[in-house]
$ cat model.tsv   # TSV, C-alpha atoms
chain	number	residue	atom	x	y	z
A	1	MET	CA	68.65	-13.01	165.26
A	2	ARG	CA	68.79	-14.01	168.94
A	3	ILE	CA	71.58	-11.51	169.66
A	4	ARG	CA	69.55	-8.79	167.93
A	5	ARG	CA	66.55	-9.56	170.16
A	6	GLU	CA	68.72	-9.43	173.28
A	7	VAL	CA	70.17	-6.07	172.17
A	8	ILE	CA	66.67	-4.69	171.57
A	9	LYS	CA	65.56	-5.84	175.05
A	10	PHE	CA	68.31	-3.86	176.76
A	11	ALA	CA	68.30	-0.87	174.41
A	12	LEU	CA	65.64	1.19	176.19
A	13	PRO	CA	67.02	0.76	179.77
A	14	LEU	CA	70.51	1.48	178.46
A	15	PHE	CA	69.31	4.63	176.72
A	16	PHE	CA	67.35	5.70	179.80
A	17	PHE	CA	70.29	5.28	182.19
A	18	SER	CA	72.74	6.91	179.78
A	19	PHE	CA	70.41	9.89	179.45
A	20	TRP	CA	69.99	10.09	183.22
A	21	ALA	CA	73.77	9.90	183.72
A	22	VAL	CA	74.31	12.75	181.24
A	23	VAL	CA	71.68	15.02	182.81
A	24	SER	CA	73.00	14.12	186.29
A	25	LEU	CA	76.43	15.38	185.27
A	26	LYS	CA	74.77	18.64	184.29
A	27	GLY	CA	73.24	19.00	187.76
A	28	PHE	CA	69.88	17.23	187.49
A	29	LYS	CA	68.50	16.10	190.85
A	30	PRO	CA	68.14	13.29	191.90
A	31	SER	CA	71.40	12.27	190.38
A	32	LEU	CA	71.85	8.70	189.12
A	33	PHE	CA	75.16	8.52	190.97
A	34	ASP	CA	73.56	9.49	194.30
A	35	VAL	CA	70.94	6.76	193.87
A	36	LEU	CA	73.64	4.22	193.04
A	37	LEU	CA	75.62	5.38	196.08
A	38	VAL	CA	72.60	4.69	198.31
A	39	LEU	CA	72.11	1.26	196.70
A	40	VAL	CA	75.75	0.20	197.07
A	41	HIS	CA	75.75	1.13	200.76
A	42	PRO	CA	72.52	-0.58	201.84
A	43	THR	CA	73.58	-0.99	205.47
A	44	LYS	CA	74.10	2.71	206.09
A	45	ASP	CA	71.66	4.20	208.63
A	46	ILE	CA	69.01	6.49	207.13
A	47	PHE	CA	67.16	9.16	209.12
A	48	GLY	CA	67.75	7.13	212.28
A	49	ILE	CA	65.10	4.54	211.32
A	50	GLY	CA	67.57	1.88	210.23
A	51	SER	CA	69.28	0.99	206.99
A	52	LEU	CA	67.83	0.19	203.56
A	53	VAL	CA	68.35	-3.49	204.36
A	54	SER	CA	66.48	-3.29	207.69
A	55	CYS	CA	63.57	-1.50	205.95
A	56	MET	CA	63.58	-4.21	203.30
A	57	VAL	CA	63.57	-6.96	205.93
A	58	VAL	CA	60.56	-5.37	207.67
A	59	SER	CA	58.68	-5.09	204.35
A	60	LEU	CA	59.48	-8.67	203.40
A	61	LYS	CA	58.36	-9.88	206.81
A	62	GLU	CA	55.02	-8.10	206.37
A	63	ILE	CA	54.58	-9.57	202.89
A	64	GLY	CA	55.56	-13.02	204.16
A	65	ILE	CA	52.95	-13.01	206.92
A	66	GLY	CA	50.14	-11.39	204.88
A	67	TYR	CA	50.73	-13.52	201.81
A	68	SER	CA	50.97	-16.80	203.75
A	69	VAL	CA	47.75	-16.16	205.64
A	70	ALA	CA	46.03	-15.11	202.38
A	71	ALA	CA	47.29	-18.25	200.63
A	72	PHE	CA	46.08	-20.50	203.43
A	73	ALA	CA	42.66	-18.84	203.69
A	74	GLY	CA	42.34	-18.62	199.89
A	75	VAL	CA	43.06	-22.31	199.40
A	76	ILE	CA	40.63	-23.41	202.13
A	77	LEU	CA	37.82	-21.10	200.98
A	78	GLY	CA	38.49	-21.84	197.30
A	79	ILE	CA	38.00	-25.55	197.93
A	80	LEU	CA	34.96	-24.96	200.18
A	81	PHE	CA	33.36	-22.84	197.44
A	82	TYR	CA	33.01	-26.02	195.43
A	83	TYR	CA	30.03	-26.77	197.66
A	84	LYS	CA	26.99	-24.97	196.29
A	85	THR	CA	25.43	-24.24	199.69
A	86	PHE	CA	28.66	-22.65	200.90
A	87	ASP	CA	28.90	-20.65	197.68
A	88	ASP	CA	25.31	-19.45	197.99
A	89	PHE	CA	25.77	-18.48	201.64
A	90	PHE	CA	29.14	-16.67	201.45
A	91	GLY	CA	29.51	-15.95	197.71
A	92	SER	CA	27.57	-12.69	197.49
A	93	THR	CA	29.19	-11.25	200.64
A	94	ILE	CA	32.73	-12.10	199.54
A	95	ASN	CA	32.06	-10.81	196.02
A	96	THR	CA	30.88	-7.51	197.50
A	97	LEU	CA	33.93	-7.26	199.76
A	98	ARG	CA	36.35	-7.90	196.91
A	99	HIS	CA	35.16	-4.81	195.09
A	100	ILE	CA	36.16	-2.53	197.96
A	101	PRO	CA	39.67	-1.13	197.41
A	102	ASP	CA	42.06	-2.18	200.18
A	103	VAL	CA	43.07	1.45	200.80
A	104	ALA	CA	39.51	2.19	201.91
A	105	TRP	CA	39.93	-0.19	204.85
A	106	ILE	CA	43.02	1.57	206.21
A	107	PRO	CA	41.29	4.19	208.45
A	108	LEU	CA	39.13	1.51	210.02
A	109	LEU	CA	42.10	-0.84	210.41
A	110	LEU	CA	44.00	1.90	212.19
A	111	VAL	CA	41.18	2.09	214.73
A	112	TRP	CA	40.94	-1.68	215.14
A	113	ALA	CA	44.57	-2.78	214.90
A	114	GLY	CA	46.45	0.45	215.62
A	115	ILE	CA	49.41	1.98	213.81
A	116	GLY	CA	51.83	-0.85	213.17
A	117	ILE	CA	52.57	-4.11	211.48
A	118	LYS	CA	49.11	-5.61	212.20
A	119	SER	CA	47.30	-3.06	210.03
A	120	ILE	CA	49.82	-3.39	207.18
A	121	VAL	CA	49.64	-7.19	207.24
A	122	THR	CA	45.83	-7.02	207.16
A	123	VAL	CA	45.92	-4.74	204.10
A	124	ILE	CA	48.31	-7.16	202.35
A	125	PHE	CA	46.03	-10.06	203.31
A	126	LEU	CA	42.94	-8.32	201.91
A	127	GLU	CA	44.66	-7.52	198.63
A	128	SER	CA	46.23	-10.92	197.98
A	129	PHE	CA	43.43	-13.11	199.32
A	130	PHE	CA	40.89	-12.62	196.51
A	131	PRO	CA	43.00	-13.77	193.52
A	132	TYR	CA	43.86	-16.89	195.50
A	133	ARG	CA	40.26	-17.63	196.35
A	134	ASP	CA	39.09	-16.96	192.79
A	135	LYS	CA	41.72	-19.14	191.19
A	136	TYR	CA	41.18	-21.97	193.68
A	137	GLY	CA	37.44	-21.66	193.11
A	138	VAL	CA	37.95	-22.04	189.35
A	139	TRP	CA	40.34	-24.93	189.95
A	140	SER	CA	37.97	-26.79	192.27
A	141	GLU	CA	35.13	-26.35	189.74
A	142	GLU	CA	37.31	-27.64	186.90
A	143	TYR	CA	38.55	-30.50	189.02
A	144	ALA	CA	35.00	-31.43	189.96
A	145	THR	CA	33.91	-31.35	186.30
A	146	ALA	CA	36.85	-33.55	185.30
A	147	LEU	CA	36.09	-36.03	188.09
A	148	ASN	CA	32.43	-36.03	187.07
A	149	ARG	CA	33.38	-36.88	183.48
A	150	ILE	CA	35.69	-39.69	184.59
A	151	TRP	CA	32.98	-41.06	186.84
A	152	ARG	CA	30.45	-41.01	183.97
A	153	VAL	CA	32.86	-42.79	181.62
A	154	PHE	CA	33.75	-45.56	184.04
A	155	ARG	CA	30.20	-46.04	185.28
A	156	CYS	CA	29.08	-47.17	181.82
B	1	MET	CA	46.94	-26.18	188.56
B	2	PRO	CA	47.64	-23.45	185.96
B	3	HIS	CA	44.94	-21.34	187.60
B	4	ILE	CA	46.54	-21.78	191.00
B	5	GLY	CA	49.96	-20.82	189.63
B	6	ALA	CA	48.47	-17.70	188.02
B	7	GLY	CA	46.65	-16.84	191.26
B	8	MET	CA	49.86	-17.17	193.26
B	9	ARG	CA	51.73	-14.83	190.93
B	10	ILE	CA	48.94	-12.25	190.78
B	11	SER	CA	48.62	-12.33	194.58
B	12	LEU	CA	52.34	-11.81	195.04
B	13	GLY	CA	52.37	-8.75	192.79
B	14	LEU	CA	49.33	-7.34	194.59
B	15	ALA	CA	50.97	-8.04	197.96
B	16	PHE	CA	53.90	-5.80	196.99
B	17	ILE	CA	51.56	-3.04	195.81
B	18	SER	CA	49.45	-3.15	198.96
B	19	MET	CA	52.53	-3.33	201.20
B	20	THR	CA	53.90	-0.14	199.65
B	21	GLU	CA	50.65	1.80	199.84
B	22	ALA	CA	49.84	0.58	203.37
B	23	GLU	CA	53.27	1.56	204.67
B	24	MET	CA	53.01	4.94	202.95
B	25	ILE	CA	49.60	5.69	204.43
B	26	ILE	CA	49.86	4.02	207.84
B	27	TYR	CA	53.28	5.55	208.43
B	28	ALA	CA	54.25	2.90	210.98
B	29	GLY	CA	57.89	3.93	211.33
B	30	GLN	CA	59.38	1.04	209.37
B	31	GLY	CA	59.49	-0.49	205.90
B	32	LEU	CA	60.24	0.65	202.37
B	33	GLY	CA	56.94	2.51	201.88
B	34	TYR	CA	57.61	4.49	205.05
B	35	LEU	CA	61.12	5.24	203.78
B	36	ILE	CA	59.62	6.65	200.55
B	37	MET	CA	57.38	9.04	202.51
B	38	LEU	CA	60.15	10.01	204.91
B	39	SER	CA	62.58	10.72	202.03
B	40	TRP	CA	59.92	12.79	200.30
B	41	ARG	CA	59.35	14.88	203.43
B	42	ALA	CA	63.09	15.35	203.92
B	43	GLN	CA	63.48	16.10	200.17
B	44	ARG	CA	66.10	13.35	199.86
B	45	PHE	CA	65.02	12.21	196.42
B	46	GLU	CA	67.99	9.90	195.85
B	47	MET	CA	66.83	7.89	198.89
B	48	LEU	CA	63.27	7.91	197.58
B	49	LEU	CA	64.35	6.58	194.19
B	50	ALA	CA	66.61	3.96	195.82
B	51	ALA	CA	63.61	2.66	197.82
B	52	ILE	CA	61.44	2.60	194.67
B	53	VAL	CA	64.14	0.75	192.71
B	54	LEU	CA	64.57	-1.74	195.57
B	55	ILE	CA	60.83	-2.49	195.66
B	56	GLY	CA	60.91	-3.04	191.90
B	57	ILE	CA	63.94	-5.33	192.12
B	58	LEU	CA	62.40	-7.35	194.97
B	59	ASN	CA	59.08	-7.75	193.14
B	60	LEU	CA	60.83	-8.76	189.93
B	61	THR	CA	63.09	-11.25	191.72
B	62	PHE	CA	60.22	-12.91	193.58
B	63	ASP	CA	58.14	-13.02	190.39
B	64	ARG	CA	60.96	-14.66	188.43
B	65	VAL	CA	61.70	-17.18	191.18
B	66	PHE	CA	58.00	-18.01	191.41
B	67	ARG	CA	57.73	-18.28	187.66
B	68	TYR	CA	60.70	-20.59	187.53
B	69	PHE	CA	59.49	-22.92	190.28
B	70	VAL	CA	55.80	-22.90	189.44
B	71	GLU	CA	55.74	-22.65	185.64
B	72	GLU	CA	59.01	-24.36	184.76
B	73	LYS	CA	59.06	-27.06	187.44
B	74	LEU	CA	55.55	-27.58	188.83
B	75	LEU	CA	53.64	-27.00	185.57
B	76	LYS	CA	56.17	-28.63	183.28
B	77	TRP	CA	53.55	-31.12	182.13
B	78	GLU	CA	51.35	-28.31	180.76
B	79	LYS	CA	53.95	-27.39	178.15
B	80	GLY	CA	53.95	-30.99	176.93
B	81	ILE	CA	50.19	-30.91	176.44
B	82	VAL	CA	50.30	-27.61	174.53
B	83	LYS	CA	52.99	-28.93	172.15

$ encode --input "model.tsv" --output "structure tokens"
Amino acid sequence: MRIRREVIKFALPLFFFSFWAVVSLKGFKPSLFDVLLVLVHPTKDIFGIGSLVSCMVVSLKEIGIGYSVAAFAGVILGILFYYKTFDDFFGSTINTLRHIPDVAWIPLLLVWAGIGIKSIVTVIFLESFFPYRDKYGVWSEEYATALNRIWRVFRC
Amino acid sequence: MPHIGAGMRISLGLAFISMTEAEMIIYAGQGLGYLIMLSWRAQRFEMLLAAIVLIGILNLTFDRVFRYFVEEKLLKWEKGIVK
């Protein structure tokens, strides 16, 4: 039964790649073999902008910075949102901001931060900050409720 | 804690999405999103697909690593409660 499940899991990708290999042999572009050739030579220079690996390193660096800052800010704000006054003061503004798609900020970010890593990191920050803040907000509320219950039990 | 773990995973997935779209639009001269746009302009579709596949592999790898460390190690106790 377990082997059957494993076979089923890999059946669709296997079919897809087999089909792509067959049509590639018949001249379909982009060919599966060309893509594999690019992937097995990741250090080869492309268009003079660096290799696939160097592009990947730049992207990972941007994600690392944006995500870390978002995590830090999300955790701090999520905990602070436990306080009702803080929630009342900032809550509506942040809830409005979270409904703006991050792509909409890009033209403005280009003016403020210029074309480069700063703008990209800010976009990543804006996108990954809100789930963090929301989840930490929920957590701090739950934590507070649990502590409140414990306090009530032990007070009696 | 489960909420935090879920938030971390959702944020990571969104970070990859926003990184790709920001690099594609901002066109900063570096990164995988920029490579996708450059390959498209040069009509080098094998390069374009390689960049797409690489983004997918990276996202999947990070998600699995996160899932392993957060859900299997950090939130191990939660499974005990559910059972």

$ atom_distance --input "model.tsv" --atom1 "atom CA of Leu14 of chain A" --atom2 "atom CA of Leu48 of chain B"
21.4 Å

$ closest_residue --input "model.tsv" --among "A:Phe17, A:Cys55, A:Gly66, A:Val23" --to "Leu36 of chain A" --atoms "all atoms listed in the file"
A:Phe17

$ interface_residues --input "model.tsv" --of "chain B" --to "chain A" --cutoff "10 Å" --atoms "only C-alpha atoms" --output "PyMOL selection string"
chain B and resi 1-35+38-39+42-51+53-55+58

$ atom_distance --input "model.tsv" --atom1 "atom CA of Ala104 of chain A" --atom2 "atom CA of Met37 of chain B"
19.1 Å

$ atom_distance --input "model.tsv" --atom1 "atom CA of Ile94 of chain A" --atom2 "atom CA of Asn148 of chain A"
27.0 Å

$ closest_residue --input "model.tsv" --among "A:Ile65, A:Ile100, A:Val153, A:Ile79" --to "Lys118 of chain A" --atoms "all atoms listed in the file"
A:Ile65

$ build_atoms --input "model.tsv" --residues "segment 58-93 of chain A" --atoms "N, CA and C atoms" --output "compact mmCIF listing (two decimals), keeping the file's coordinate frame"
# COMPACT_ATOMS: atom_id res chain seq x y z
N VAL A 58 61.87 -5.62 207.06
CA VAL A 58 60.56 -5.37 207.67
C VAL A 58 59.46 -5.56 206.62
N SER A 59 59.68 -4.98 205.42
CA SER A 59 58.68 -5.09 204.35
C SER A 59 58.47 -6.54 203.93
N LEU A 60 59.58 -7.27 203.81
CA LEU A 60 59.48 -8.67 203.40
C LEU A 60 58.78 -9.52 204.46
N LYS A 61 59.02 -9.16 205.71
CA LYS A 61 58.36 -9.88 206.81
C LYS A 61 56.84 -9.66 206.73
N GLU A 62 56.45 -8.41 206.49
CA GLU A 62 55.02 -8.10 206.37
C GLU A 62 54.40 -8.86 205.20
N ILE A 63 55.09 -8.86 204.07
CA ILE A 63 54.58 -9.57 202.89
C ILE A 63 54.50 -11.07 203.19
N GLY A 64 55.52 -11.59 203.84
CA GLY A 64 55.56 -13.02 204.16
C GLY A 64 54.37 -13.44 205.00
N ILE A 65 54.07 -12.66 206.03
CA ILE A 65 52.95 -13.01 206.92
C ILE A 65 51.61 -12.86 206.18
N GLY A 66 51.41 -11.68 205.57
CA GLY A 66 50.14 -11.39 204.88
C GLY A 66 49.86 -12.36 203.76
N TYR A 67 50.88 -12.64 202.97
CA TYR A 67 50.73 -13.52 201.81
C TYR A 67 50.46 -14.96 202.25
N SER A 68 51.17 -15.42 203.28
CA SER A 68 50.97 -16.80 203.75
C SER A 68 49.56 -17.01 204.29
N VAL A 69 49.10 -16.04 205.08
CA VAL A 69 47.75 -16.16 205.64
C VAL A 69 46.72 -16.13 204.51
N ALA A 70 46.95 -15.22 203.52
CA ALA A 70 46.03 -15.11 202.38
C ALA A 70 46.02 -16.41 201.57
N ALA A 71 47.19 -17.00 201.39
CA ALA A 71 47.29 -18.25 200.63
C ALA A 71 46.53 -19.35 201.34
N PHE A 72 46.74 -19.45 202.65
CA PHE A 72 46.08 -20.50 203.43
C PHE A 72 44.56 -20.33 203.38
N ALA A 73 44.10 -19.11 203.68
CA ALA A 73 42.66 -18.84 203.69
C ALA A 73 42.06 -18.99 202.29
N GLY A 74 42.81 -18.55 201.27
CA GLY A 74 42.34 -18.62 199.89
C GLY A 74 42.16 -20.06 199.43
N VAL A 75 43.12 -20.90 199.79
CA VAL A 75 43.06 -22.31 199.40
C VAL A 75 41.86 -22.99 200.07
N ILE A 76 41.73 -22.77 201.37
CA ILE A 76 40.63 -23.41 202.13
C ILE A 76 39.27 -22.95 201.58
N LEU A 77 39.11 -21.63 201.45
CA LEU A 77 37.82 -21.10 200.98
C LEU A 77 37.56 -21.48 199.52
N GLY A 78 38.63 -21.46 198.71
CA GLY A 78 38.49 -21.84 197.30
C GLY A 78 37.96 -23.25 197.15
N ILE A 79 38.47 -24.16 197.98
CA ILE A 79 38.00 -25.55 197.93
C ILE A 79 36.57 -25.64 198.48
N LEU A 80 36.30 -24.92 199.58
CA LEU A 80 34.96 -24.96 200.18
C LEU A 80 33.89 -24.39 199.23
N PHE A 81 34.32 -23.45 198.36
CA PHE A 81 33.36 -22.84 197.44
C PHE A 81 32.87 -23.81 196.38
N TYR A 82 33.49 -24.98 196.33
CA TYR A 82 33.01 -26.02 195.43
C TYR A 82 31.60 -26.45 195.84
N TYR A 83 31.35 -26.39 197.16
CA TYR A 83 30.03 -26.77 197.66
C TYR A 83 29.04 -25.64 197.41
N LYS A 84 27.96 -25.98 196.73
CA LYS A 84 26.99 -24.97 196.29
C LYS A 84 26.37 -24.19 197.46
N THR A 85 26.06 -24.91 198.55
CA THR A 85 25.43 -24.24 199.69
C THR A 85 26.37 -23.18 200.27
N PHE A 86 27.64 -23.57 200.39
CA PHE A 86 28.66 -22.65 200.90
C PHE A 86 28.79 -21.44 199.99
N ASP A 87 28.80 -21.72 198.68
CA ASP A 87 28.90 -20.65 197.68
C ASP A 87 27.71 -19.70 197.77
N ASP A 88 26.52 -20.28 197.91
CA ASP A 88 25.31 -19.45 197.99
C ASP A 88 25.33 -18.58 199.25
N PHE A 89 25.80 -19.18 200.36
CA PHE A 89 25.77 -18.48 201.64
C PHE A 89 26.81 -17.35 201.71
N PHE A 90 28.05 -17.65 201.30
CA PHE A 90 29.14 -16.67 201.45
C PHE A 90 29.46 -15.90 200.16
N GLY A 91 29.09 -16.49 199.02
CA GLY A 91 29.51 -15.95 197.71
C GLY A 91 29.22 -14.48 197.52
N SER A 92 27.96 -14.09 197.76
CA SER A 92 27.57 -12.69 197.49
C SER A 92 28.32 -11.73 198.41
N THR A 93 28.49 -12.12 199.68
CA THR A 93 29.19 -11.25 200.64
C THR A 93 30.64 -11.07 200.23
